[in-house]
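The structure file structure-v3.pdb is reproduced below (PDB, C-alpha atoms and all ligand atoms).
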```pdb
ATOM      1  CA  MET S   1      50.673-141.196 -37.967
ATOM      2  CA  LYS S   2      52.851-141.942 -34.965
ATOM      3  CA  LEU S   3      54.378-145.299 -34.159
ATOM      4  CA  VAL S   4      53.919-146.193 -30.486
ATOM      5  CA  ASN S   5      57.210-147.051 -28.830
ATOM      6  CA  GLY S   6      56.380-150.241 -26.926
ATOM      7  CA  LYS S   7      59.966-150.617 -25.771
ATOM      8  CA  LYS S   8      59.901-147.253 -24.003
ATOM      9  CA  ILE S   9      56.597-148.071 -22.270
ATOM     10  CA  ALA S  10      58.003-151.456 -21.234
ATOM     11  CA  VAL S  11      61.164-149.868 -19.807
ATOM     12  CA  LYS S  12      59.058-147.624 -17.541
ATOM     13  CA  MET S  13      56.931-150.558 -16.394
ATOM     14  CA  LEU S  14      60.029-152.659 -15.712
ATOM     15  CA  GLU S  15      61.559-149.858 -13.647
ATOM     16  CA  LEU S  16      58.448-149.819 -11.458
ATOM     17  CA  THR S  17      58.567-153.602 -11.130
ATOM     18  CA  LYS S  18      62.232-153.407 -10.119
ATOM     19  CA  GLU S  19      61.366-150.842  -7.430
ATOM     20  CA  ARG S  20      58.561-153.040  -6.092
ATOM     21  CA  ILE S  21      60.890-156.028  -5.921
ATOM     22  CA  LYS S  22      63.507-153.992  -4.035
ATOM     23  CA  ASN S  23      60.881-153.411  -1.356
ATOM     24  CA  LEU S  24      60.112-157.108  -0.927
ATOM     25  CA  SER S  25      61.943-159.298   1.552
ATOM     26  CA  PHE S  26      62.413-162.016  -1.070
ATOM     27  CA  SER S  27      63.090-162.402  -4.793
ATOM     28  CA  PRO S  28      60.014-163.507  -6.745
ATOM     29  CA  SER S  29      60.742-166.592  -8.826
ATOM     30  CA  LEU S  30      59.498-167.735 -12.181
ATOM     31  CA  ALA S  31      59.657-171.248 -13.638
ATOM     32  CA  VAL S  32      59.560-171.402 -17.432
ATOM     33  CA  LEU S  33      59.027-174.624 -19.372
ATOM     34  CA  LEU S  34      60.394-174.572 -22.906
ATOM     35  CA  VAL S  35      59.447-177.715 -24.800
ATOM     36  CA  GLY S  36      61.173-178.542 -28.094
ATOM     37  CA  ASP S  37      63.372-176.382 -30.288
ATOM     38  CA  ASP S  38      61.056-173.788 -31.828
ATOM     39  CA  LYS S  39      63.336-170.881 -32.728
ATOM     40  CA  SER S  40      60.807-168.103 -31.983
ATOM     41  CA  SER S  41      59.981-169.638 -28.605
ATOM     42  CA  GLN S  42      63.688-169.756 -27.741
ATOM     43  CA  LEU S  43      63.982-166.078 -28.626
ATOM     44  CA  TYR S  44      60.935-165.099 -26.548
ATOM     45  CA  VAL S  45      62.103-167.125 -23.561
ATOM     46  CA  ASN S  46      65.589-165.585 -23.719
ATOM     47  CA  LEU S  47      64.015-162.136 -23.758
ATOM     48  CA  LYS S  48      61.843-162.971 -20.732
ATOM     49  CA  LYS S  49      64.909-164.319 -18.917
ATOM     50  CA  LYS S  50      66.978-161.215 -19.635
ATOM     51  CA  GLU S  51      64.274-158.807 -18.460
ATOM     52  CA  ALA S  52      63.343-160.953 -15.438
ATOM     53  CA  GLU S  53      66.910-161.083 -14.192
ATOM     54  CA  LYS S  54      67.368-157.329 -14.730
ATOM     55  CA  VAL S  55      64.511-156.558 -12.344
ATOM     56  CA  GLY S  56      65.594-159.072  -9.681
ATOM     57  CA  ILE S  57      63.455-162.119 -10.469
ATOM     58  CA  ASP S  58      64.884-165.633 -10.024
ATOM     59  CA  PHE S  59      64.385-167.268 -13.398
ATOM     60  CA  HIS S  60      64.347-171.073 -13.595
ATOM     61  CA  LEU S  61      64.395-172.447 -17.120
ATOM     62  CA  TYR S  62      63.351-176.047 -17.773
ATOM     63  CA  LYS S  63      64.375-177.069 -21.292
ATOM     64  CA  ILE S  64      62.434-180.164 -22.264
ATOM     65  CA  ASP S  65      62.989-182.522 -25.199
ATOM     66  CA  LYS S  66      60.369-182.250 -27.961
ATOM     67  CA  ASN S  67      59.485-185.949 -27.698
ATOM     68  CA  VAL S  68      58.336-185.637 -24.103
ATOM     69  CA  THR S  69      54.906-186.966 -23.050
ATOM     70  CA  ASP S  70      52.040-185.003 -21.465
ATOM     71  CA  GLU S  71      52.533-187.036 -18.285
ATOM     72  CA  VAL S  72      56.163-185.981 -17.839
ATOM     73  CA  ILE S  73      55.325-182.290 -18.264
ATOM     74  CA  ILE S  74      52.403-182.581 -15.847
ATOM     75  CA  GLU S  75      54.638-184.331 -13.323
ATOM     76  CA  LEU S  76      57.080-181.404 -13.450
ATOM     77  CA  ILE S  77      54.261-178.860 -13.142
ATOM     78  CA  THR S  78      52.823-180.766 -10.171
ATOM     79  CA  PHE S  79      56.230-180.598  -8.511
ATOM     80  CA  LEU S  80      56.523-176.851  -9.219
ATOM     81  CA  ASN S  81      52.957-176.250  -7.981
ATOM     82  CA  SER S  82      53.954-177.508  -4.555
ATOM     83  CA  ASP S  83      57.398-175.850  -4.514
ATOM     84  CA  GLU S  84      57.182-172.847  -2.184
ATOM     85  CA  GLU S  85      60.179-171.303  -3.899
ATOM     86  CA  ILE S  86      58.236-170.888  -7.156
ATOM     87  CA  ASP S  87      55.723-168.053  -7.502
ATOM     88  CA  GLY S  88      54.779-168.398 -11.160
ATOM     89  CA  ILE S  89      54.838-171.096 -13.840
ATOM     90  CA  LEU S  90      54.882-170.346 -17.545
ATOM     91  CA  VAL S  91      54.656-172.941 -20.299
ATOM     92  CA  GLN S  92      55.931-171.328 -23.476
ATOM     93  CA  LEU S  93      53.558-171.831 -26.409
ATOM     94  CA  PRO S  94      53.252-173.296 -28.961
ATOM     95  CA  LEU S  95      53.815-176.812 -27.685
ATOM     96  CA  PRO S  96      54.674-179.708 -30.043
ATOM     97  CA  ASN S  97      51.536-181.027 -31.805
ATOM     98  CA  HIS S  98      51.349-184.305 -29.870
ATOM     99  CA  ILE S  99      51.062-182.453 -26.551
ATOM    100  CA  ASP S 100      47.603-181.614 -25.175
ATOM    101  CA  ARG S 101      48.045-177.893 -24.497
ATOM    102  CA  ASP S 102      44.798-177.440 -22.585
ATOM    103  CA  LYS S 103      45.560-180.357 -20.287
ATOM    104  CA  ILE S 104      49.028-178.960 -19.573
ATOM    105  CA  ILE S 105      47.763-175.453 -18.794
ATOM    106  CA  ALA S 106      44.946-176.870 -16.673
ATOM    107  CA  SER S 107      47.544-178.592 -14.482
ATOM    108  CA  ILE S 108      49.128-175.289 -13.375
ATOM    109  CA  ASP S 109      48.050-174.151  -9.895
ATOM    110  CA  LYS S 110      45.629-171.253 -10.337
ATOM    111  CA  ASN S 111      47.730-169.085  -8.022
ATOM    112  CA  LYS S 112      50.867-169.697 -10.101
ATOM    113  CA  ASP S 113      49.288-169.112 -13.518
ATOM    114  CA  VAL S 114      51.408-166.068 -14.336
ATOM    115  CA  ASP S 115      50.187-165.827 -17.964
ATOM    116  CA  GLY S 116      46.559-165.897 -16.811
ATOM    117  CA  PHE S 117      46.018-168.702 -19.350
ATOM    118  CA  LYS S 118      44.010-171.110 -17.189
ATOM    119  CA  LYS S 119      40.392-171.372 -18.300
ATOM    120  CA  GLU S 120      39.162-170.987 -14.740
ATOM    121  CA  ASN S 121      41.224-167.810 -14.244
ATOM    122  CA  ILE S 122      40.125-166.250 -17.543
ATOM    123  CA  GLU S 123      36.483-167.065 -16.820
ATOM    124  CA  ASN S 124      36.707-165.506 -13.370
ATOM    125  CA  PHE S 125      38.428-162.472 -14.873
ATOM    126  CA  ILE S 126      35.699-162.114 -17.521
ATOM    127  CA  SER S 127      32.995-162.370 -14.872
ATOM    128  CA  GLY S 128      34.555-159.361 -13.113
ATOM    129  CA  ASP S 129      36.539-160.974 -10.289
ATOM    130  CA  GLU S 130      39.074-158.309  -9.224
ATOM    131  CA  ASN S 131      41.290-160.789  -7.387
ATOM    132  CA  VAL S 132      42.242-162.906 -10.333
ATOM    133  CA  ILE S 133      45.357-162.401 -12.423
ATOM    134  CA  HIS S 134      44.887-160.175 -15.474
ATOM    135  CA  PRO S 135      45.626-162.296 -18.596
ATOM    136  CA  VAL S 136      48.947-160.991 -19.924
ATOM    137  CA  PHE S 137      48.155-160.525 -23.607
ATOM    138  CA  PRO S 138      44.905-158.540 -23.165
ATOM    139  CA  LYS S 139      46.627-156.545 -20.421
ATOM    140  CA  ALA S 140      49.463-155.611 -22.797
ATOM    141  CA  LEU S 141      47.103-154.538 -25.594
ATOM    142  CA  MET S 142      45.058-152.398 -23.208
ATOM    143  CA  THR S 143      48.159-150.886 -21.579
ATOM    144  CA  LEU S 144      49.266-149.677 -25.005
ATOM    145  CA  ALA S 145      45.838-148.219 -25.815
ATOM    146  CA  GLU S 146      45.712-146.387 -22.484
ATOM    147  CA  ASN S 147      49.124-144.951 -23.195
ATOM    148  CA  VAL S 148      47.959-143.044 -26.259
ATOM    149  CA  ILE S 149      44.409-142.177 -25.310
ATOM    150  CA  ASN S 150      43.573-140.032 -22.303
ATOM    151  CA  ASN S 151      39.934-140.846 -21.893
ATOM    152  CA  THR S 152      38.727-144.272 -22.912
ATOM    153  CA  THR S 153      35.137-143.740 -21.755
ATOM    154  CA  LYS S 154      32.600-144.650 -24.443
ATOM    155  CA  LYS S 155      35.243-144.775 -27.165
ATOM    156  CA  LYS S 156      34.240-147.270 -29.838
ATOM    157  CA  ALA S 157      36.657-150.169 -29.996
ATOM    158  CA  VAL S 158      36.834-153.432 -31.873
ATOM    159  CA  ILE S 159      39.001-156.466 -31.285
ATOM    160  CA  ILE S 160      39.608-158.452 -34.439
ATOM    161  CA  GLY S 161      40.636-161.792 -32.987
ATOM    162  CA  LYS S 162      40.241-165.526 -33.209
ATOM    163  CA  SER S 163      37.010-165.513 -31.176
ATOM    164  CA  ASP S 164      38.758-167.438 -28.479
ATOM    165  CA  ILE S 165      38.846-166.995 -24.742
ATOM    166  CA  PHE S 166      41.596-164.348 -25.075
ATOM    167  CA  THR S 167      39.453-162.224 -27.367
ATOM    168  CA  LYS S 168      36.734-162.421 -24.719
ATOM    169  CA  ALA S 169      39.208-161.461 -21.985
ATOM    170  CA  LEU S 170      40.191-158.428 -24.036
ATOM    171  CA  VAL S 171      36.546-157.433 -24.418
ATOM    172  CA  ALA S 172      36.201-157.732 -20.614
ATOM    173  CA  THR S 173      39.364-155.657 -20.049
ATOM    174  CA  GLY S 174      38.158-152.981 -22.450
ATOM    175  CA  ALA S 175      34.718-152.813 -20.853
ATOM    176  CA  ARG S 176      36.371-152.340 -17.437
ATOM    177  CA  ILE S 177      38.023-149.137 -18.635
ATOM    178  CA  GLY S 178      34.823-147.844 -20.201
ATOM    179  CA  LEU S 179      35.354-148.773 -23.851
ATOM    180  CA  ASP S 180      32.332-149.576 -25.975
ATOM    181  CA  ILE S 181      34.038-152.718 -27.296
ATOM    182  CA  VAL S 182      32.910-155.559 -29.554
ATOM    183  CA  GLU S 183      34.693-158.491 -31.137
ATOM    184  CA  VAL S 184      34.939-159.418 -34.791
ATOM    185  CA  SER S 185      36.321-162.737 -35.920
ATOM    186  CA  CYS S 186      39.489-162.712 -38.045
ATOM    187  CA  THR S 187      37.514-164.615 -40.685
ATOM    188  CA  LYS S 188      34.538-162.201 -40.749
ATOM    189  CA  ILE S 189      36.205-158.873 -41.483
ATOM    190  CA  GLU S 190      34.292-158.245 -44.719
ATOM    191  CA  GLU S 191      30.874-158.836 -43.105
ATOM    192  CA  ASN S 192      31.751-156.464 -40.252
ATOM    193  CA  LYS S 193      33.468-153.656 -42.114
ATOM    194  CA  HIS S 194      30.912-151.092 -40.829
ATOM    195  CA  ILE S 195      32.024-151.875 -37.235
ATOM    196  CA  ILE S 196      35.705-151.672 -38.142
ATOM    197  CA  SER S 197      35.373-148.436 -40.101
ATOM    198  CA  ASN S 198      33.572-146.745 -37.175
ATOM    199  CA  ALA S 199      36.035-147.788 -34.470
ATOM    200  CA  ASP S 200      38.190-145.240 -32.609
ATOM    201  CA  ILE S 201      40.491-148.052 -31.475
ATOM    202  CA  ILE S 202      41.209-151.281 -33.348
ATOM    203  CA  PHE S 203      42.962-154.194 -31.634
ATOM    204  CA  THR S 204      44.147-157.028 -33.847
ATOM    205  CA  ALA S 205      45.291-160.514 -32.866
ATOM    206  CA  CYS S 206      45.020-162.661 -35.972
ATOM    207  CA  GLY S 207      48.435-163.403 -37.422
ATOM    208  CA  THR S 208      47.181-162.264 -40.851
ATOM    209  CA  PRO S 209      49.553-159.784 -42.524
ATOM    210  CA  ASN S 210      48.148-156.741 -44.399
ATOM    211  CA  MET S 211      44.767-157.110 -42.746
ATOM    212  CA  LEU S 212      43.514-153.522 -42.972
ATOM    213  CA  SER S 213      43.949-150.629 -45.373
ATOM    214  CA  ASN S 214      43.179-146.900 -45.399
ATOM    215  CA  ASN S 215      39.772-147.428 -46.938
ATOM    216  CA  SER S 216      38.643-149.782 -44.157
ATOM    217  CA  ILE S 217      39.445-147.508 -41.201
ATOM    218  CA  LYS S 218      38.295-144.219 -39.659
ATOM    219  CA  GLU S 219      40.373-141.028 -39.793
ATOM    220  CA  GLY S 220      42.404-140.778 -36.563
ATOM    221  CA  VAL S 221      41.941-144.395 -35.465
ATOM    222  CA  ILE S 222      44.402-145.920 -32.995
ATOM    223  CA  ILE S 223      45.575-149.375 -34.042
ATOM    224  CA  ILE S 224      47.086-151.807 -31.542
ATOM    225  CA  ASP S 225      48.615-154.661 -33.523
ATOM    226  CA  GLY S 226      48.847-157.871 -31.504
ATOM    227  CA  GLY S 227      49.358-160.152 -34.505
ATOM    228  CA  ILE S 228      52.559-161.970 -35.272
ATOM    229  CA  SER S 229      53.582-163.777 -38.453
ATOM    230  CA  ILE S 230      56.953-164.871 -39.756
ATOM    231  CA  VAL S 231      57.344-163.970 -43.441
ATOM    232  CA  ASP S 232      60.692-164.406 -45.217
ATOM    233  CA  LYS S 233      62.274-165.009 -41.794
ATOM    234  CA  LYS S 234      61.028-161.620 -40.592
ATOM    235  CA  THR S 235      58.542-161.028 -37.768
ATOM    236  CA  ILE S 236      55.646-158.872 -38.936
ATOM    237  CA  GLY S 237      52.269-157.880 -37.535
ATOM    238  CA  ASP S 238      48.707-157.819 -38.894
ATOM    239  CA  ILE S 239      49.087-154.268 -40.138
ATOM    240  CA  ASN S 240      51.295-152.865 -42.854
ATOM    241  CA  VAL S 241      52.353-149.332 -41.850
ATOM    242  CA  ASP S 242      52.189-148.062 -45.429
ATOM    243  CA  GLU S 243      48.605-149.272 -45.832
ATOM    244  CA  VAL S 244      47.186-147.291 -42.886
ATOM    245  CA  LYS S 245      49.524-144.346 -42.354
ATOM    246  CA  GLU S 246      47.331-141.823 -44.212
ATOM    247  CA  LYS S 247      44.453-142.279 -41.774
ATOM    248  CA  ALA S 248      45.549-143.844 -38.490
ATOM    249  CA  SER S 249      46.767-141.536 -35.727
ATOM    250  CA  TYR S 250      48.778-144.201 -33.875
ATOM    251  CA  LEU S 251      49.996-147.686 -34.675
ATOM    252  CA  THR S 252      51.956-150.108 -32.511
ATOM    253  CA  PRO S 253      54.744-151.559 -34.672
ATOM    254  CA  VAL S 254      55.736-155.221 -34.867
ATOM    255  CA  PRO S 255      58.353-155.793 -33.584
ATOM    256  CA  GLY S 256      58.730-153.161 -30.847
ATOM    257  CA  GLY S 257      55.084-152.648 -29.887
ATOM    258  CA  VAL S 258      53.004-155.264 -28.090
ATOM    259  CA  GLY S 259      55.945-157.707 -27.596
ATOM    260  CA  PRO S 260      58.031-155.790 -25.041
ATOM    261  CA  VAL S 261      54.915-154.635 -23.165
ATOM    262  CA  THR S 262      53.754-158.263 -22.926
ATOM    263  CA  VAL S 263      57.015-159.181 -21.171
ATOM    264  CA  ALA S 264      56.656-156.207 -18.798
ATOM    265  CA  CYS S 265      53.042-157.217 -18.000
ATOM    266  CA  LEU S 266      54.131-160.797 -17.389
ATOM    267  CA  LEU S 267      56.754-159.749 -14.840
ATOM    268  CA  GLU S 268      54.265-157.384 -13.201
ATOM    269  CA  ASN S 269      51.878-160.347 -12.853
ATOM    270  CA  LEU S 270      54.644-162.423 -11.283
ATOM    271  CA  VAL S 271      55.233-159.805  -8.601
ATOM    272  CA  GLU S 272      51.472-159.681  -7.902
ATOM    273  CA  LEU S 273      51.374-163.468  -7.540
ATOM    274  CA  SER S 274      54.456-163.575  -5.318
ATOM    275  CA  ILE S 275      52.918-161.029  -2.956
ATOM    276  CA  PHE S 276      49.568-162.799  -2.990
ATOM    277  CA  ASN S 277      51.148-166.202  -2.389
ATOM    278  CA  SER S 278      53.409-165.019   0.415
ATOM    279  CA  LYS S 279      50.450-163.389   2.224
ATOM    280  CA  LYS S 280      48.491-166.587   1.880
ATOM    281  CA  ASP S 281      51.398-168.408   3.434
ATOM    282  CA  ILE S 282      51.215-166.620   6.784
ATOM    283  CA  ILE S 283      50.625-169.925   8.565
ATOM    284  CA  SER S 284      53.684-171.505   6.967
ATOM    285  CA  PRO S 285      55.903-168.678   5.737
ATOM    286  CA  LYS S 286      58.334-169.276   2.901
ATOM    287  CA  LYS S 287      61.127-170.101   5.300
ATOM    288  CA  SER S 288      63.757-171.135   2.852
ATOM    289  CA  ARG S 289      63.514-168.200   0.494
ATOM    290  CA  ASN S 290      66.728-166.442  -0.450
ATOM    291  CA  ASN S 291      66.421-163.215   1.422
ATOM    292  CA  LYS S 292      68.252-160.366  -0.259
TER
HETATM  293  N1  LIG M   1      53.956-167.735 -26.897
HETATM  294  C1  LIG M   1      53.789-166.542 -27.518
HETATM  295  N2  LIG M   1      53.370-165.609 -26.616
HETATM  296  C2  LIG M   1      53.268-166.226 -25.428
HETATM  297  C3  LIG M   1      52.903-165.794 -24.115
HETATM  298  O1  LIG M   1      52.552-164.644 -23.863
HETATM  299  N3  LIG M   1      52.942-166.750 -23.138
HETATM  300  C4  LIG M   1      53.297-168.035 -23.392
HETATM  301  N4  LIG M   1      53.289-168.895 -22.375
HETATM  302  N5  LIG M   1      53.648-168.471 -24.595
HETATM  303  C5  LIG M   1      53.637-167.578 -25.594
END
```
Translate the structure of the given file into structure tokens.
Amino acid sequence: MKLVNGKKIAVKMLELTKERIKNLSFSPSLAVLLVGDDKSSQLYVNLKKKEAEKVGIDFHLYKIDKNVTDEVIIELITFLNSDEEIDGILVQLPLPNHIDRDKIIASIDKNKDVDGFKKENIENFISGDENVIHPVFPKALMTLAENVINNTTKKKAVIIGKSDIFTKALVATGARIGLDIVEVSCTKIEENKHIISNADIIFTACGTPNMLSNNSIKEGVIIIDGGISIVDKKTIGDINVDEVKEKASYLTPVPGGVGPVTVACLLENLVELSIFNSKKDIISPKKSRNNK
């Protein structure tokens, strides 16, 4: 079994993004809202900042106290929505429990939703709209799969996920590249073991360590592990390498698999949005942008 080097794939993607930015007449800019003091979120945001700045993106971090109200966050997002200098807005998740996540995400302008988290954007993506931003997490999982498999047509795939809108977006992404893909809920693995054991590609996004073992998978299967859990202060995925290494052909490790590719996909999305938004602005061009 080979471990897929997500960092290496991300580096290549980031190089392309850097080249694209060099050819623009402006620096794309990203606003990131970090609410509270969740340690993992701080780490993820720092990583996004580092990579964004390396490729030439203006990164604006808004650190917000954990006791903030929904209204204050929405007020800031409303301001950023109308700020021509900002191309994308990202609200780092999870948010503190008292905050209404859906309401916050809904307040982001659909053309600045760099994560592709807005319900309206995901629904349009699922219904096949080519002009809507590709949700970052499904995009990262599929990018990794495409990196290890030459021909995805009619390959049997399963996404073991939380049966949420992201699982559905992944099914839509997979279908677009010809996969014969179905979803299985993280809580219904036992009932669906025949689907899992016949899959050529397994995507996981549960946050349940040690989810699969050699006797539940097909010989040669490719496993893309999108799960994250913190156990004994260590970040681990849904899959234990030792449990699947006899049968799987490829596995994306955690950390070092889906994570770095997710950041690369996010920054790629930002460039797409910045180009889209500047074209839309032909009537009132972004006059005050910092030209390079
Ligand atoms: N928290 C963990 N992953 C993500 C992500 O991809 N986007 C946002 N906004 N928050 C996250």
Residues of stretch 75-189 of chain S within 8 Å of stretch 246-262 of chain S: nearest atom pair and distance (Å, one decimal) for each, counting all atoms listed in the file, sorted by chain and number, as a Markdown table?
```
| residue | atom | partner | partner_atom | distance |
| --- | --- | --- | --- | --- |
| S:Val136 | CA | S:Thr262 | CA | 6.3 |
| S:Phe137 | CA | S:Thr262 | CA | 6.1 |
| S:Lys139 | CA | S:Thr262 | CA | 7.7 |
| S:Ala140 | CA | S:Thr262 | CA | 5.0 |
| S:Leu141 | CA | S:Val258 | CA | 6.4 |
| S:Thr143 | CA | S:Val261 | CA | 7.9 |
| S:Leu144 | CA | S:Val258 | CA | 7.4 |
| S:Val148 | CA | S:Tyr250 | CA | 7.7 |
```
Could you tell me which residues the PyMOL selection byres (((chain S and resi 64) around 8) and not hetatm) returns for this structure, as a compact mmCIF listing (two decimals) with C-alpha atoms, keeping the file's coordinate frame?
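Just written: expr.txt:
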```
# COMPACT_ATOMS: atom_id res chain seq x y z
CA LEU S 33 59.03 -174.62 -19.37
CA LEU S 34 60.39 -174.57 -22.91
CA VAL S 35 59.45 -177.72 -24.80
CA GLY S 36 61.17 -178.54 -28.09
CA TYR S 62 63.35 -176.05 -17.77
CA LYS S 63 64.38 -177.07 -21.29
CA ASP S 65 62.99 -182.52 -25.20
CA LYS S 66 60.37 -182.25 -27.96
CA VAL S 68 58.34 -185.64 -24.10
```
- Task: Would you please work out which residue, of S:Phe125, S:Phe166, S:Phe79, S:Phe26, is nearest to ligand LIG 1 (chain M) when using all atoms listed in the file?
- Result: S:Phe166
- For S:Asn150, which residue among S:Leu95, S:Val72, S:Ile177, S:Ala199 is the nearest when counting all atoms listed in the file? S:Ile177
Give me, as JSON lines, each residue of chain S that comes within 7 Å of ligand LIG 1 (chain M), together with its shortest interatomic pair and the distance in Å at one decimal, counting only C-alpha atoms and all ligand atoms, with rows ordered by chain and rising residue number.
```
{"residue": "S:Ser41", "atom": "CA", "partner": "M:LIG1", "partner_atom": "N1", "distance": 6.5}
{"residue": "S:Leu90", "atom": "CA", "partner": "M:LIG1", "partner_atom": "N4", "distance": 5.3}
{"residue": "S:Val91", "atom": "CA", "partner": "M:LIG1", "partner_atom": "N4", "distance": 4.7}
{"residue": "S:Gln92", "atom": "CA", "partner": "M:LIG1", "partner_atom": "N4", "distance": 3.8}
{"residue": "S:Leu93", "atom": "CA", "partner": "M:LIG1", "partner_atom": "N5", "distance": 3.8}
{"residue": "S:Pro94", "atom": "CA", "partner": "M:LIG1", "partner_atom": "N1", "distance": 6.0}
{"residue": "S:Asp115", "atom": "CA", "partner": "M:LIG1", "partner_atom": "N3", "distance": 5.9}
{"residue": "S:Val136", "atom": "CA", "partner": "M:LIG1", "partner_atom": "O1", "distance": 6.5}
{"residue": "S:Phe137", "atom": "CA", "partner": "M:LIG1", "partner_atom": "O1", "distance": 6.0}
{"residue": "S:Thr262", "atom": "CA", "partner": "M:LIG1", "partner_atom": "O1", "distance": 6.6}
```
